[in-house]
Every structure is written in structure tokens, then in C-alpha cells.
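What follows is the content of target14.json (JSON, C-alpha atoms).
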[["chain", "number", "residue", "atom", "x", "y", "z"],
["A", 1, "MET", "CA", 1.24, 36.68, 3.23],
["A", 2, "VAL", "CA", -1.95, 36.54, 5.33],
["A", 3, "LYS", "CA", -3.89, 38.07, 2.46],
["A", 4, "MET", "CA", -2.53, 35.47, 0.05],
["A", 5, "ILE", "CA", -3.35, 32.57, 2.39],
["A", 6, "LEU", "CA", -6.89, 33.90, 2.90],
["A", 7, "LYS", "CA", -7.29, 34.25, -0.86],
["A", 8, "ARG", "CA", -6.11, 30.65, -1.44],
["A", 9, "PHE", "CA", -8.45, 29.42, 1.30],
["A", 10, "LEU", "CA", -11.46, 31.12, -0.27],
["A", 11, "GLN", "CA", -10.52, 29.61, -3.62],
["A", 12, "THR", "CA", -10.70, 26.12, -2.13],
["A", 13, "ILE", "CA", -14.42, 26.44, -1.31],
["A", 14, "PRO", "CA", -15.69, 26.15, -4.93],
["A", 15, "THR", "CA", -13.09, 23.45, -5.58],
["A", 16, "LEU", "CA", -14.36, 21.32, -2.70],
["A", 17, "LEU", "CA", -17.95, 21.97, -3.73],
["A", 18, "ILE", "CA", -17.17, 20.63, -7.19],
["A", 19, "VAL", "CA", -15.51, 17.56, -5.65],
["A", 20, "VAL", "CA", -18.55, 16.95, -3.42],
["A", 21, "THR", "CA", -20.92, 17.26, -6.38],
["A", 22, "ILE", "CA", -18.93, 14.96, -8.67],
["A", 23, "THR", "CA", -18.46, 12.37, -5.94],
["A", 24, "PHE", "CA", -22.17, 12.45, -5.11],
["A", 25, "CYS", "CA", -23.09, 11.88, -8.75],
["A", 26, "LEU", "CA", -20.54, 9.10, -9.28],
["A", 27, "THR", "CA", -21.61, 7.18, -6.17],
["A", 28, "ARG", "CA", -25.21, 7.20, -7.39],
["A", 29, "MET", "CA", -24.00, 5.71, -10.68],
["A", 30, "LEU", "CA", -22.50, 2.67, -8.97],
["A", 31, "PRO", "CA", -24.33, -0.53, -9.95],
["A", 32, "GLY", "CA", -26.34, -2.30, -7.27],
["A", 33, "ASP", "CA", -28.58, -1.25, -4.41],
["A", 34, "PRO", "CA", -26.87, -0.13, -1.17],
["A", 35, "ALA", "CA", -29.80, -1.44, 0.87],
["A", 36, "VAL", "CA", -29.43, -4.90, -0.69],
["A", 37, "ALA", "CA", -25.65, -4.79, -0.17],
["A", 38, "ILE", "CA", -26.19, -4.12, 3.54],
["A", 39, "LEU", "CA", -29.11, -6.49, 4.23],
["A", 40, "GLY", "CA", -28.23, -9.23, 1.77],
["A", 41, "VAL", "CA", -30.08, -10.63, -1.23],
["A", 42, "GLU", "CA", -32.32, -12.74, 1.01],
["A", 43, "ALA", "CA", -33.83, -9.71, 2.74],
["A", 44, "SER", "CA", -37.53, -9.09, 2.25],
["A", 45, "ALA", "CA", -38.84, -6.28, 0.07],
["A", 46, "GLU", "CA", -40.27, -4.54, 3.15],
["A", 47, "ASP", "CA", -36.91, -4.56, 4.93],
["A", 48, "ILE", "CA", -35.15, -3.26, 1.82],
["A", 49, "ALA", "CA", -37.69, -0.47, 1.42],
["A", 50, "ALA", "CA", -37.31, 0.47, 5.10],
["A", 51, "MET", "CA", -33.52, 0.55, 4.75],
["A", 52, "ARG", "CA", -33.74, 2.72, 1.64],
["A", 53, "ALA", "CA", -35.99, 5.13, 3.52],
["A", 54, "GLU", "CA", -33.54, 5.21, 6.44],
["A", 55, "MET", "CA", -30.71, 6.03, 4.02],
["A", 56, "ASN", "CA", -32.85, 8.68, 2.26],
["A", 57, "LEU", "CA", -32.53, 6.73, -0.99],
["A", 58, "ASP", "CA", -36.30, 6.88, -1.47],
["A", 59, "LYS", "CA", -36.01, 10.61, -2.13],
["A", 60, "SER", "CA", -35.13, 12.24, -5.44],
["A", 61, "LEU", "CA", -31.47, 12.91, -6.28],
["A", 62, "PRO", "CA", -31.78, 16.71, -5.79],
["A", 63, "GLU", "CA", -33.31, 16.11, -2.36],
["A", 64, "GLN", "CA", -30.55, 13.66, -1.44],
["A", 65, "TYR", "CA", -27.93, 16.16, -2.60],
["A", 66, "MET", "CA", -29.39, 19.03, -0.58],
["A", 67, "LEU", "CA", -29.65, 16.84, 2.53],
["A", 68, "TYR", "CA", -26.00, 15.85, 2.12],
["A", 69, "LEU", "CA", -24.90, 19.49, 1.74],
["A", 70, "GLN", "CA", -26.91, 20.48, 4.80],
["A", 71, "GLY", "CA", -25.20, 17.76, 6.79],
["A", 72, "LEU", "CA", -21.73, 18.89, 5.65],
["A", 73, "VAL", "CA", -22.43, 22.47, 6.67],
["A", 74, "GLN", "CA", -23.40, 21.19, 10.14],
["A", 75, "GLY", "CA", -20.32, 18.94, 10.36],
["A", 76, "ASP", "CA", -22.29, 15.76, 9.68],
["A", 77, "PHE", "CA", -20.52, 13.61, 7.09],
["A", 78, "GLY", "CA", -23.14, 10.89, 7.22],
["A", 79, "TYR", "CA", -23.44, 7.42, 8.69],
["A", 80, "SER", "CA", -21.56, 4.34, 7.47],
["A", 81, "TYR", "CA", -23.92, 1.38, 7.41],
["A", 82, "SER", "CA", -21.13, -1.04, 6.56],
["A", 83, "TYR", "CA", -19.12, -0.05, 9.67],
["A", 84, "ARG", "CA", -22.17, 0.92, 11.77],
["A", 85, "GLU", "CA", -20.52, 4.20, 12.77],
["A", 86, "ASP", "CA", -20.48, 7.87, 11.84],
["A", 87, "VAL", "CA", -18.21, 8.67, 8.91],
["A", 88, "LEU", "CA", -16.23, 11.48, 10.54],
["A", 89, "PRO", "CA", -14.69, 9.48, 13.44],
["A", 90, "LEU", "CA", -14.06, 6.58, 11.04],
["A", 91, "VAL", "CA", -12.05, 8.75, 8.66],
["A", 92, "LEU", "CA", -10.22, 10.58, 11.45],
["A", 93, "ALA", "CA", -9.19, 7.24, 12.95],
["A", 94, "ARG", "CA", -7.73, 6.02, 9.65],
["A", 95, "ILE", "CA", -5.96, 9.22, 8.56],
["A", 96, "PRO", "CA", -2.92, 8.74, 10.90],
["A", 97, "ASN", "CA", -2.26, 5.28, 9.41],
["A", 98, "THR", "CA", -2.38, 6.54, 5.85],
["A", 99, "LEU", "CA", -0.41, 9.67, 6.73],
["A", 100, "SER", "CA", 2.35, 7.66, 8.44],
["A", 101, "LEU", "CA", 2.75, 5.43, 5.38],
["A", 102, "THR", "CA", 2.71, 8.48, 3.11],
["A", 103, "LEU", "CA", 5.31, 10.41, 5.10],
["A", 104, "VAL", "CA", 7.68, 7.45, 5.37],
["A", 105, "ALA", "CA", 7.45, 6.87, 1.63],
["A", 106, "LEU", "CA", 7.91, 10.56, 0.87],
["A", 107, "VAL", "CA", 10.92, 11.02, 3.18],
["A", 108, "PHE", "CA", 12.61, 8.00, 1.62],
["A", 109, "ALA", "CA", 11.75, 9.21, -1.90],
["A", 110, "THR", "CA", 12.99, 12.74, -1.17],
["A", 111, "ILE", "CA", 16.34, 11.66, 0.25],
["A", 112, "VAL", "CA", 17.13, 9.06, -2.40],
["A", 113, "GLY", "CA", 15.62, 10.92, -5.35],
["A", 114, "THR", "CA", 17.23, 14.26, -4.54],
["A", 115, "THR", "CA", 20.64, 12.67, -3.95],
["A", 116, "VAL", "CA", 20.51, 10.75, -7.22],
["A", 117, "GLY", "CA", 19.36, 13.88, -9.06],
["A", 118, "ILE", "CA", 22.24, 15.98, -7.68],
["A", 119, "VAL", "CA", 24.86, 13.38, -8.55],
["A", 120, "ALA", "CA", 23.33, 12.89, -12.01],
["A", 121, "ALA", "CA", 23.51, 16.66, -12.61],
["A", 122, "ILE", "CA", 27.14, 16.78, -11.52],
["A", 123, "LYS", "CA", 27.99, 13.79, -13.74],
["A", 124, "GLN", "CA", 25.83, 14.95, -16.63],
["A", 125, "ASN", "CA", 26.02, 12.85, -19.83],
["A", 126, "THR", "CA", 27.99, 10.08, -18.12],
["A", 127, "LEU", "CA", 27.09, 6.41, -17.74],
["A", 128, "PHE", "CA", 25.87, 7.12, -14.18],
["A", 129, "ASP", "CA", 23.56, 9.84, -15.45],
["A", 130, "TYR", "CA", 22.09, 7.70, -18.24],
["A", 131, "PHE", "CA", 21.63, 4.65, -15.99],
["A", 132, "PHE", "CA", 19.75, 6.41, -13.21],
["A", 133, "MET", "CA", 17.62, 8.54, -15.54],
["A", 134, "VAL", "CA", 16.50, 5.36, -17.29],
["A", 135, "LEU", "CA", 15.64, 3.91, -13.88],
["A", 136, "ALA", "CA", 13.75, 7.11, -13.05],
["A", 137, "LEU", "CA", 11.80, 6.84, -16.29],
["A", 138, "ILE", "CA", 10.89, 3.25, -15.46],
["A", 139, "GLY", "CA", 9.89, 4.30, -11.94],
["A", 140, "VAL", "CA", 7.55, 7.00, -13.23],
["A", 141, "SER", "CA", 6.00, 4.65, -15.80],
["A", 142, "MET", "CA", 5.63, 1.58, -13.59],
["A", 143, "PRO", "CA", 2.10, 0.91, -12.24],
["A", 144, "ILE", "CA", 2.01, 0.80, -8.45],
["A", 145, "PHE", "CA", -0.13, -2.33, -8.29],
["A", 146, "TRP", "CA", 2.33, -4.26, -10.49],
["A", 147, "MET", "CA", 5.29, -3.09, -8.42],
["A", 148, "ALA", "CA", 3.49, -4.12, -5.23],
["A", 149, "LEU", "CA", 2.72, -7.60, -6.55],
["A", 150, "MET", "CA", 6.31, -8.11, -7.66],
["A", 151, "LEU", "CA", 7.63, -7.04, -4.25],
["A", 152, "VAL", "CA", 5.22, -9.41, -2.49],
["A", 153, "LEU", "CA", 6.15, -12.26, -4.82],
["A", 154, "GLN", "CA", 9.90, -11.79, -4.33],
["A", 155, "PHE", "CA", 10.35, -10.76, -0.69],
["A", 156, "SER", "CA", 7.38, -12.50, 0.94],
["A", 157, "VAL", "CA", 6.41, -15.52, -1.13],
["A", 158, "ARG", "CA", 9.80, -16.65, -2.46],
["A", 159, "MET", "CA", 12.23, -15.35, 0.17],
["A", 160, "GLY", "CA", 9.89, -15.16, 3.18],
["A", 161, "LEU", "CA", 11.71, -12.11, 4.54],
["A", 162, "LEU", "CA", 8.96, -9.55, 5.03],
["A", 163, "PRO", "CA", 5.30, -9.71, 6.07],
["A", 164, "VAL", "CA", 2.60, -8.76, 3.60],
["A", 165, "MET", "CA", -0.49, -7.82, 5.61],
["A", 166, "GLY", "CA", -1.15, -5.25, 8.33],
["A", 167, "MET", "CA", 1.01, -2.55, 9.89],
["A", 168, "GLY", "CA", 2.50, -4.47, 12.81],
["A", 169, "ASP", "CA", 2.17, -3.81, 16.52],
["A", 170, "ILE", "CA", 4.49, -1.61, 18.55],
["A", 171, "LYS", "CA", 3.95, -4.02, 21.46],
["A", 172, "ASN", "CA", 5.99, -6.56, 19.50],
["A", 173, "GLY", "CA", 8.85, -4.10, 19.12],
["A", 174, "ILE", "CA", 9.81, -1.41, 16.65],
["A", 175, "GLY", "CA", 11.23, -4.08, 14.35],
["A", 176, "ASP", "CA", 7.76, -5.52, 13.78],
["A", 177, "VAL", "CA", 6.43, -2.10, 12.72],
["A", 178, "ILE", "CA", 9.40, -1.43, 10.42],
["A", 179, "SER", "CA", 9.18, -4.86, 8.77],
["A", 180, "HIS", "CA", 5.51, -4.28, 7.95],
["A", 181, "LEU", "CA", 6.32, -0.80, 6.66],
["A", 182, "LEU", "CA", 9.15, -1.66, 4.27],
["A", 183, "LEU", "CA", 7.26, -3.18, 1.35],
["A", 184, "PRO", "CA", 4.30, -0.76, 1.15],
["A", 185, "GLY", "CA", 6.57, 2.20, 1.92],
["A", 186, "PHE", "CA", 9.06, 1.35, -0.84],
["A", 187, "CYS", "CA", 6.25, 0.60, -3.28],
["A", 188, "LEU", "CA", 4.58, 3.93, -2.58],
["A", 189, "ALA", "CA", 7.93, 5.77, -2.81],
["A", 190, "THR", "CA", 8.80, 4.49, -6.29],
["A", 191, "THR", "CA", 6.99, 7.11, -8.37],
["A", 192, "PRO", "CA", 7.85, 10.20, -6.24],
["A", 193, "MET", "CA", 11.46, 9.01, -5.98],
["A", 194, "ALA", "CA", 11.77, 8.96, -9.76],
["A", 195, "THR", "CA", 10.04, 12.33, -10.03],
["A", 196, "PHE", "CA", 12.40, 13.91, -7.48],
["A", 197, "ALA", "CA", 15.44, 12.53, -9.29],
["A", 198, "ARG", "CA", 14.37, 13.92, -12.67],
["A", 199, "THR", "CA", 13.29, 17.30, -11.27],
["A", 200, "THR", "CA", 16.43, 17.72, -9.15],
["A", 201, "ARG", "CA", 18.67, 16.85, -12.09],
["A", 202, "SER", "CA", 17.00, 19.39, -14.40],
["A", 203, "SER", "CA", 16.97, 22.13, -11.78],
["A", 204, "MET", "CA", 20.57, 21.55, -10.72],
["A", 205, "ILE", "CA", 21.85, 21.48, -14.31],
["A", 206, "GLU", "CA", 20.22, 24.86, -14.96],
["A", 207, "THR", "CA", 21.56, 26.29, -11.70],
["A", 208, "LEU", "CA", 25.11, 24.96, -12.06],
["A", 209, "SER", "CA", 25.38, 26.42, -15.56],
["A", 210, "SER", "CA", 24.50, 29.95, -14.40],
["A", 211, "ASP", "CA", 27.00, 32.81, -14.32],
["A", 212, "TYR", "CA", 27.17, 33.26, -10.56],
["A", 213, "ILE", "CA", 28.13, 29.60, -10.12],
["A", 214, "ARG", "CA", 30.97, 30.11, -12.57],
["A", 215, "CYS", "CA", 32.06, 33.16, -10.58],
["A", 216, "LEU", "CA", 32.06, 31.17, -7.33],
["A", 217, "ARG", "CA", 34.20, 28.49, -8.91],
["A", 218, "ALA", "CA", 36.55, 31.12, -10.38],
["A", 219, "ARG", "CA", 36.97, 32.60, -6.89],
["A", 220, "GLY", "CA", 38.15, 29.21, -5.66],
["A", 221, "VAL", "CA", 35.12, 28.34, -3.54],
["A", 222, "ARG", "CA", 35.15, 24.66, -2.70],
["A", 223, "GLU", "CA", 33.00, 22.51, -4.94],
["A", 224, "TRP", "CA", 30.90, 21.05, -2.13],
["A", 225, "LYS", "CA", 29.99, 24.57, -1.03],
["A", 226, "VAL", "CA", 29.16, 25.59, -4.58],
["A", 227, "ILE", "CA", 26.84, 22.61, -4.96],
["A", 228, "GLY", "CA", 25.39, 22.27, -1.47],
["A", 229, "MET", "CA", 25.18, 25.87, -0.22],
["A", 230, "HIS", "CA", 24.59, 27.77, -3.45],
["A", 231, "GLY", "CA", 23.47, 25.42, -6.20],
["A", 232, "LEU", "CA", 20.98, 23.39, -4.18],
["A", 233, "LYS", "CA", 19.57, 26.47, -2.45],
["A", 234, "ASN", "CA", 18.69, 28.12, -5.77],
["A", 235, "ALA", "CA", 17.36, 24.85, -7.17],
["A", 236, "LEU", "CA", 14.90, 24.43, -4.28],
["A", 237, "PRO", "CA", 11.77, 26.27, -5.55],
["A", 238, "PRO", "CA", 10.91, 23.65, -8.21],
["A", 239, "LEU", "CA", 11.64, 20.89, -5.70],
["A", 240, "VAL", "CA", 9.30, 22.45, -3.13],
["A", 241, "THR", "CA", 6.54, 22.55, -5.72],
["A", 242, "VAL", "CA", 7.11, 18.92, -6.62],
["A", 243, "LEU", "CA", 7.30, 17.97, -2.94],
["A", 244, "GLY", "CA", 3.89, 19.48, -2.19],
["A", 245, "LEU", "CA", 2.27, 17.87, -5.20],
["A", 246, "GLN", "CA", 3.87, 14.52, -4.49],
["A", 247, "LEU", "CA", 2.65, 14.63, -0.88],
["A", 248, "ALA", "CA", -0.90, 15.02, -2.13],
["A", 249, "HIS", "CA", -0.49, 12.43, -4.91],
["A", 250, "THR", "CA", 1.19, 9.94, -2.57],
["A", 251, "PHE", "CA", -1.54, 10.37, 0.04],
["A", 252, "THR", "CA", -4.28, 9.70, -2.50],
["A", 253, "GLY", "CA", -2.22, 7.03, -4.27],
["A", 254, "ALA", "CA", -1.92, 5.09, -1.03],
["A", 255, "ILE", "CA", -5.42, 3.73, -1.75],
["A", 256, "ILE", "CA", -4.04, 1.12, -4.16],
["A", 257, "THR", "CA", -1.02, 0.26, -2.01],
["A", 258, "GLU", "CA", -3.09, -0.14, 1.15],
["A", 259, "GLY", "CA", -5.51, -2.43, -0.63],
["A", 260, "ILE", "CA", -2.72, -4.79, -1.73],
["A", 261, "PHE", "CA", -0.90, -4.85, 1.61],
["A", 262, "SER", "CA", -4.06, -4.72, 3.78],
["A", 263, "TRP", "CA", -2.76, -1.57, 5.46],
["A", 264, "PRO", "CA", -5.51, -0.32, 7.80],
["A", 265, "GLY", "CA", -5.79, 3.17, 6.36],
["A", 266, "MET", "CA", -8.19, 5.19, 4.28],
["A", 267, "GLY", "CA", -7.40, 3.19, 1.15],
["A", 268, "THR", "CA", -8.56, -0.09, 2.66],
["A", 269, "MET", "CA", -11.63, 1.63, 4.06],
["A", 270, "ILE", "CA", -12.66, 3.19, 0.76],
["A", 271, "ASN", "CA", -12.26, -0.16, -1.00],
["A", 272, "THR", "CA", -14.63, -1.70, 1.55],
["A", 273, "ALA", "CA", -17.01, 1.23, 1.12],
["A", 274, "ILE", "CA", -17.12, 0.79, -2.66],
["A", 275, "ASN", "CA", -17.72, -2.95, -2.39],
["A", 276, "ASN", "CA", -20.59, -2.34, 0.07],
["A", 277, "ARG", "CA", -22.02, 0.64, -1.87],
["A", 278, "ASP", "CA", -21.53, 2.73, 1.26],
["A", 279, "TYR", "CA", -22.30, 6.12, -0.24],
["A", 280, "SER", "CA", -21.63, 8.23, 2.85],
["A", 281, "LEU", "CA", -18.25, 6.63, 3.53],
["A", 282, "ILE", "CA", -17.15, 6.93, -0.10],
["A", 283, "GLN", "CA", -18.10, 10.60, -0.16],
["A", 284, "GLY", "CA", -16.40, 11.24, 3.18],
["A", 285, "THR", "CA", -13.08, 9.64, 2.25],
["A", 286, "VAL", "CA", -12.96, 11.34, -1.15],
["A", 287, "LEU", "CA", -13.77, 14.70, 0.44],
["A", 288, "PHE", "CA", -10.99, 14.33, 3.02],
["A", 289, "SER", "CA", -8.56, 13.31, 0.26],
["A", 290, "ALA", "CA", -9.54, 16.44, -1.67],
["A", 291, "ILE", "CA", -9.06, 18.57, 1.46],
["A", 292, "MET", "CA", -5.60, 17.03, 1.87],
["A", 293, "PHE", "CA", -4.77, 17.79, -1.75],
["A", 294, "VAL", "CA", -5.89, 21.41, -1.48],
["A", 295, "PHE", "CA", -4.10, 21.87, 1.85],
["A", 296, "CYS", "CA", -0.84, 20.61, 0.32],
["A", 297, "ASN", "CA", -1.18, 23.08, -2.55],
["A", 298, "MET", "CA", -1.63, 25.89, -0.03],
["A", 299, "LEU", "CA", 1.52, 24.80, 1.80],
["A", 300, "VAL", "CA", 3.41, 24.80, -1.49],
["A", 301, "ASP", "CA", 2.28, 28.37, -2.20],
["A", 302, "VAL", "CA", 3.42, 29.53, 1.24],
["A", 303, "ALA", "CA", 6.77, 27.70, 1.03],
["A", 304, "TYR", "CA", 7.39, 29.01, -2.48],
["A", 305, "MET", "CA", 6.69, 32.55, -1.29],
["A", 306, "LEU", "CA", 9.14, 32.16, 1.59],
["A", 307, "LEU", "CA", 11.84, 30.86, -0.74],
["A", 308, "ASN", "CA", 11.17, 33.43, -3.44],
["A", 309, "PRO", "CA", 10.02, 36.81, -2.03],
["A", 310, "LYS", "CA", 9.39, 38.07, -5.58],
["A", 311, "VAL", "CA", 6.04, 36.20, -5.65],
["A", 312, "LYS", "CA", 4.69, 37.89, -2.51],
["A", 313, "GLY", "CA", 2.91, 40.48, -4.47],
["A", 314, "ALA", "CA", 1.34, 37.98, -6.88]]
File written out as C-alpha cells:
Amino acid sequence: MVKMILKRFLQTIPTLLIVVTITFCLTRMLPGDPAVAILGVEASAEDIAAMRAEMNLDKSLPEQYMLYLQGLVQGDFGYSYSYREDVLPLVLARIPNTLSLTLVALVFATIVGTTVGIVAAIKQNTLFDYFFMVLALIGVSMPIFWMALMLVLQFSVRMGLLPVMGMGDIKNGIGDVISHLLLPGFCLATTPMATFARTTRSSMIETLSSDYIRCLRARGVREWKVIGMHGLKNALPPLVTVLGLQLAHTFTGAIITEGIFSWPGMGTMINTAINNRDYSLIQGTVLFSAIMFVFCNMLVDVAYMLLNPKVKGA
């Protein structure tokens, strides 16, 4: 197992290098001058030139790239001129907010989606099965930003039940935090919930139709044991894979949700960075998102190996 983890870790290095390179190139393709975005259009040419020199923008692109790589190797992710702070502490301060929203959404999606998928597999080709699989298809296809706007319109604007902006304050009680978490959490959970339901249904149908399940039923084993202790256990490997991928996708997908609900996480910060042409902050947030994605894939590999010892030698 240690050998496999080390192998996966070494494989992440070229992946992250590619992400760094692509992000660097894309940020330089953004329209507008970062120095002008920081100083304002009324700044003098001398001040703009001085700011460009301070940001190393007066150097050639290969020189800028090499300076950025040298900084990363030394643990320097750059300086955010829009926030007037180093990028690393900025990102580390926002990660818990994004991670809390992601985990809440994923726990809700896992519980509801897996339950619906199991019941749909048991009641295959019934009205219940058709109804919830159609809902799952809609959930996978529905854009997050549209879902978020509809939730805001219904529960905040029309009904006035839930707040729209911020993440609440624990000083005002746990209810304040939960009320701020409901709308963005449900919005973010929509797509993974539908994915869990469809994956669980397919995996459970295949498992419940296997020979050993028929043998268990023929021996008189109770149905809840057949489904919960045997069927679900053998249907877990695909679900673990989907869980790891959805954790990464939900974490990165929180960018849109946070922007709509003004959730103070990495998504809101990267939106501000893009608007201000803050190259260092954009590169830092994208790099940390890529690290999160790669780390989740490594966890999936380890969990899959624990569930299925046959892949240990792969």
C-alpha cells in the first residue's frame, strides 16, 4: 500500500506542473492591465510603470514563469495586491469555509442520494423508480447558477424564510449558521445527490441480481440483511469512486455557489481576484483546488484498495 501511495504521489507532480503552467498562461491572457486595475485608470504612467515593475510584469513571460516556479519551490505563492496580503495565508484562511460548505453538501447528497438509489433498485421498473430517476436526470442536467437563483427567488425574496448572503455567526446561535447554510448547501448538493442516486441504483441492481444474493434469499436470510449487510457492501466500490470524485468536483464547483450566496470562501475570493486581474491570487487558488482534486483521487485509490484487496498488486 505504501508503495502504491508513493507512486500516486509522484504521479501528481507532473499533473500539478501542468496545472501551474496552464493557469499561468491563461491569467496572462486576461484582458486589461493588473497595474491599472489596482491603481485605477486615473493613475499616472509613472505609477503604473512602477507597479508593473513591482509585480514583475515588465519582464518577459518566460522570466515571469521561472520566477513564479522558483517562488513555489520555496513555498512562496506570491503577493495579492487586491487584498494586500500574501496569497498562502489568504487561501488557507478561506479553505475551511469552502470545505465546510462542501462537506455539508456532500453528506446531505450522500445520505439522500444513496437512500433513493437503494429504494429505486429494490423497486426497479416501478413508478417510484421512474419518478426519482427522472428527478436525478434533471438534477444532473440542471445548471448550479440557475438552481441557486431559483432558490433565492423562492425562499428569500418571495417567502422571506432564509438569508441569502454570508455564512452567519456562531455568536448569534447555531440556528443562524444553519439558516445561512441551507440554501447554498442544498444548491451545491443537487448534482452529487443525483449522481449518487443513479450510481447506487445501477450498482445495487447488478449486485442484487447476482447468484450469491439469490442463495442468501433461498436460505431464508431476512431481506434487510440481504440488502444492507450483503448487497450494499458489495455495491460500495463504485460508490467510493463516485464519492471521491464528487468531493473534488463539489469543492471546485463551490466557486459558482459561493459567488451567488456571497459565501466567504475560495470561490468568492477567486471571483474578486479575476475582476482585479490579481494574477498571484488566481494562480494560488487554482493550484490549491488542483491539489484538493488530486488528493481526493489518492484517497479514492486507497479506499478502493481497502475495499477490494484484488487491486493491491495493481
Counting all atoms listed in the file, which residue out of A:Leu67, A:Ala45, A:Leu208, A:Val294 sits closest to A:Lys123? A:Leu208
Give me the residues within 10 Å of A:Ser203 as a compact mmCIF listing (two decimals) with C-alpha atoms, keeping the file's coordinate frame, counting only C-alpha atoms and dropping any in the same chain fewer than 6 places off.
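Saved result, result-v6.txt, follows:
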# COMPACT_ATOMS: atom_id res chain seq x y z
CA GLY A 117 19.36 13.88 -9.06
CA ILE A 118 22.24 15.98 -7.68
CA ALA A 121 23.51 16.66 -12.61
CA GLY A 231 23.47 25.42 -6.20
CA LEU A 232 20.98 23.39 -4.18
CA ASN A 234 18.69 28.12 -5.77
CA ALA A 235 17.36 24.85 -7.17
CA LEU A 236 14.90 24.43 -4.28
CA PRO A 237 11.77 26.27 -5.55
CA PRO A 238 10.91 23.65 -8.21
CA LEU A 239 11.64 20.89 -5.70
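Here the question is which of A:Phe251, A:Tyr130, A:Gly78, A:Arg8 gets nearest to A:Gly284 using all atoms listed in the file, and that residue is A:Gly78.
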When you draw a straight line from atom CA of A:Ile256 to atom CA of A:Ile178, how long is it in Å? 20.0 Å
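Counting only C-alpha atoms, the residue from A:Ala197, A:Leu99, A:Val112, A:Ile291 that sits nearest to A:Leu16 is A:Ile291.
Across the model, the gap from atom CA of A:Leu287 to atom CA of A:Leu26 is 13.1 Å.
Atom to atom, atom CA of A:Val226 and atom CA of A:Met193 stand 24.3 Å apart.
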Using all atoms listed in the file for the distances, tell me which of A:Thr207, A:Thr191, A:Asn56, A:Ser156 is nearest to A:Pro143. A:Thr191
Kindly reconstruct stretch 264-282 of chain A with N, CA and C atoms and present the result as a compact mmCIF listing (two decimals), in the frame of the given file.
# COMPACT_ATOMS: atom_id res chain seq x y z
N PRO A 264 -4.24 -0.84 7.26
CA PRO A 264 -5.51 -0.32 7.80
C PRO A 264 -5.62 1.20 7.75
N GLY A 265 -5.67 1.73 6.54
CA GLY A 265 -5.79 3.17 6.36
C GLY A 265 -7.03 3.53 5.58
N MET A 266 -7.03 4.73 5.02
CA MET A 266 -8.19 5.19 4.28
C MET A 266 -8.38 4.42 2.99
N GLY A 267 -7.29 3.95 2.39
CA GLY A 267 -7.40 3.19 1.15
C GLY A 267 -8.17 1.90 1.33
N THR A 268 -7.83 1.15 2.37
CA THR A 268 -8.56 -0.09 2.66
C THR A 268 -10.02 0.20 2.96
N MET A 269 -10.26 1.28 3.68
CA MET A 269 -11.63 1.63 4.06
C MET A 269 -12.47 2.02 2.85
N ILE A 270 -11.89 2.77 1.92
CA ILE A 270 -12.66 3.19 0.76
C ILE A 270 -12.93 2.01 -0.17
N ASN A 271 -12.00 1.05 -0.22
CA ASN A 271 -12.26 -0.16 -1.00
C ASN A 271 -13.45 -0.93 -0.43
N THR A 272 -13.49 -1.04 0.90
CA THR A 272 -14.63 -1.70 1.55
C THR A 272 -15.91 -0.93 1.30
N ALA A 273 -15.83 0.40 1.35
CA ALA A 273 -17.01 1.23 1.12
C ALA A 273 -17.56 1.05 -0.29
N ILE A 274 -16.67 0.97 -1.27
CA ILE A 274 -17.12 0.79 -2.66
C ILE A 274 -17.76 -0.58 -2.84
N ASN A 275 -17.16 -1.59 -2.27
CA ASN A 275 -17.72 -2.95 -2.39
C ASN A 275 -19.09 -3.05 -1.74
N ASN A 276 -19.31 -2.29 -0.66
CA ASN A 276 -20.59 -2.34 0.07
C ASN A 276 -21.56 -1.24 -0.36
N ARG A 277 -21.19 -0.47 -1.41
CA ARG A 277 -22.02 0.64 -1.87
C ARG A 277 -22.35 1.60 -0.73
N ASP A 278 -21.36 1.85 0.10
CA ASP A 278 -21.53 2.73 1.26
C ASP A 278 -21.32 4.17 0.80
N TYR A 279 -22.40 4.81 0.35
CA TYR A 279 -22.30 6.12 -0.24
C TYR A 279 -21.67 7.15 0.69
N SER A 280 -22.12 7.21 1.92
CA SER A 280 -21.63 8.23 2.85
C SER A 280 -20.14 8.09 3.11
N LEU A 281 -19.67 6.86 3.25
CA LEU A 281 -18.25 6.63 3.53
C LEU A 281 -17.40 6.95 2.30
N ILE A 282 -17.88 6.60 1.12
CA ILE A 282 -17.15 6.93 -0.10
C ILE A 282 -17.01 8.44 -0.23
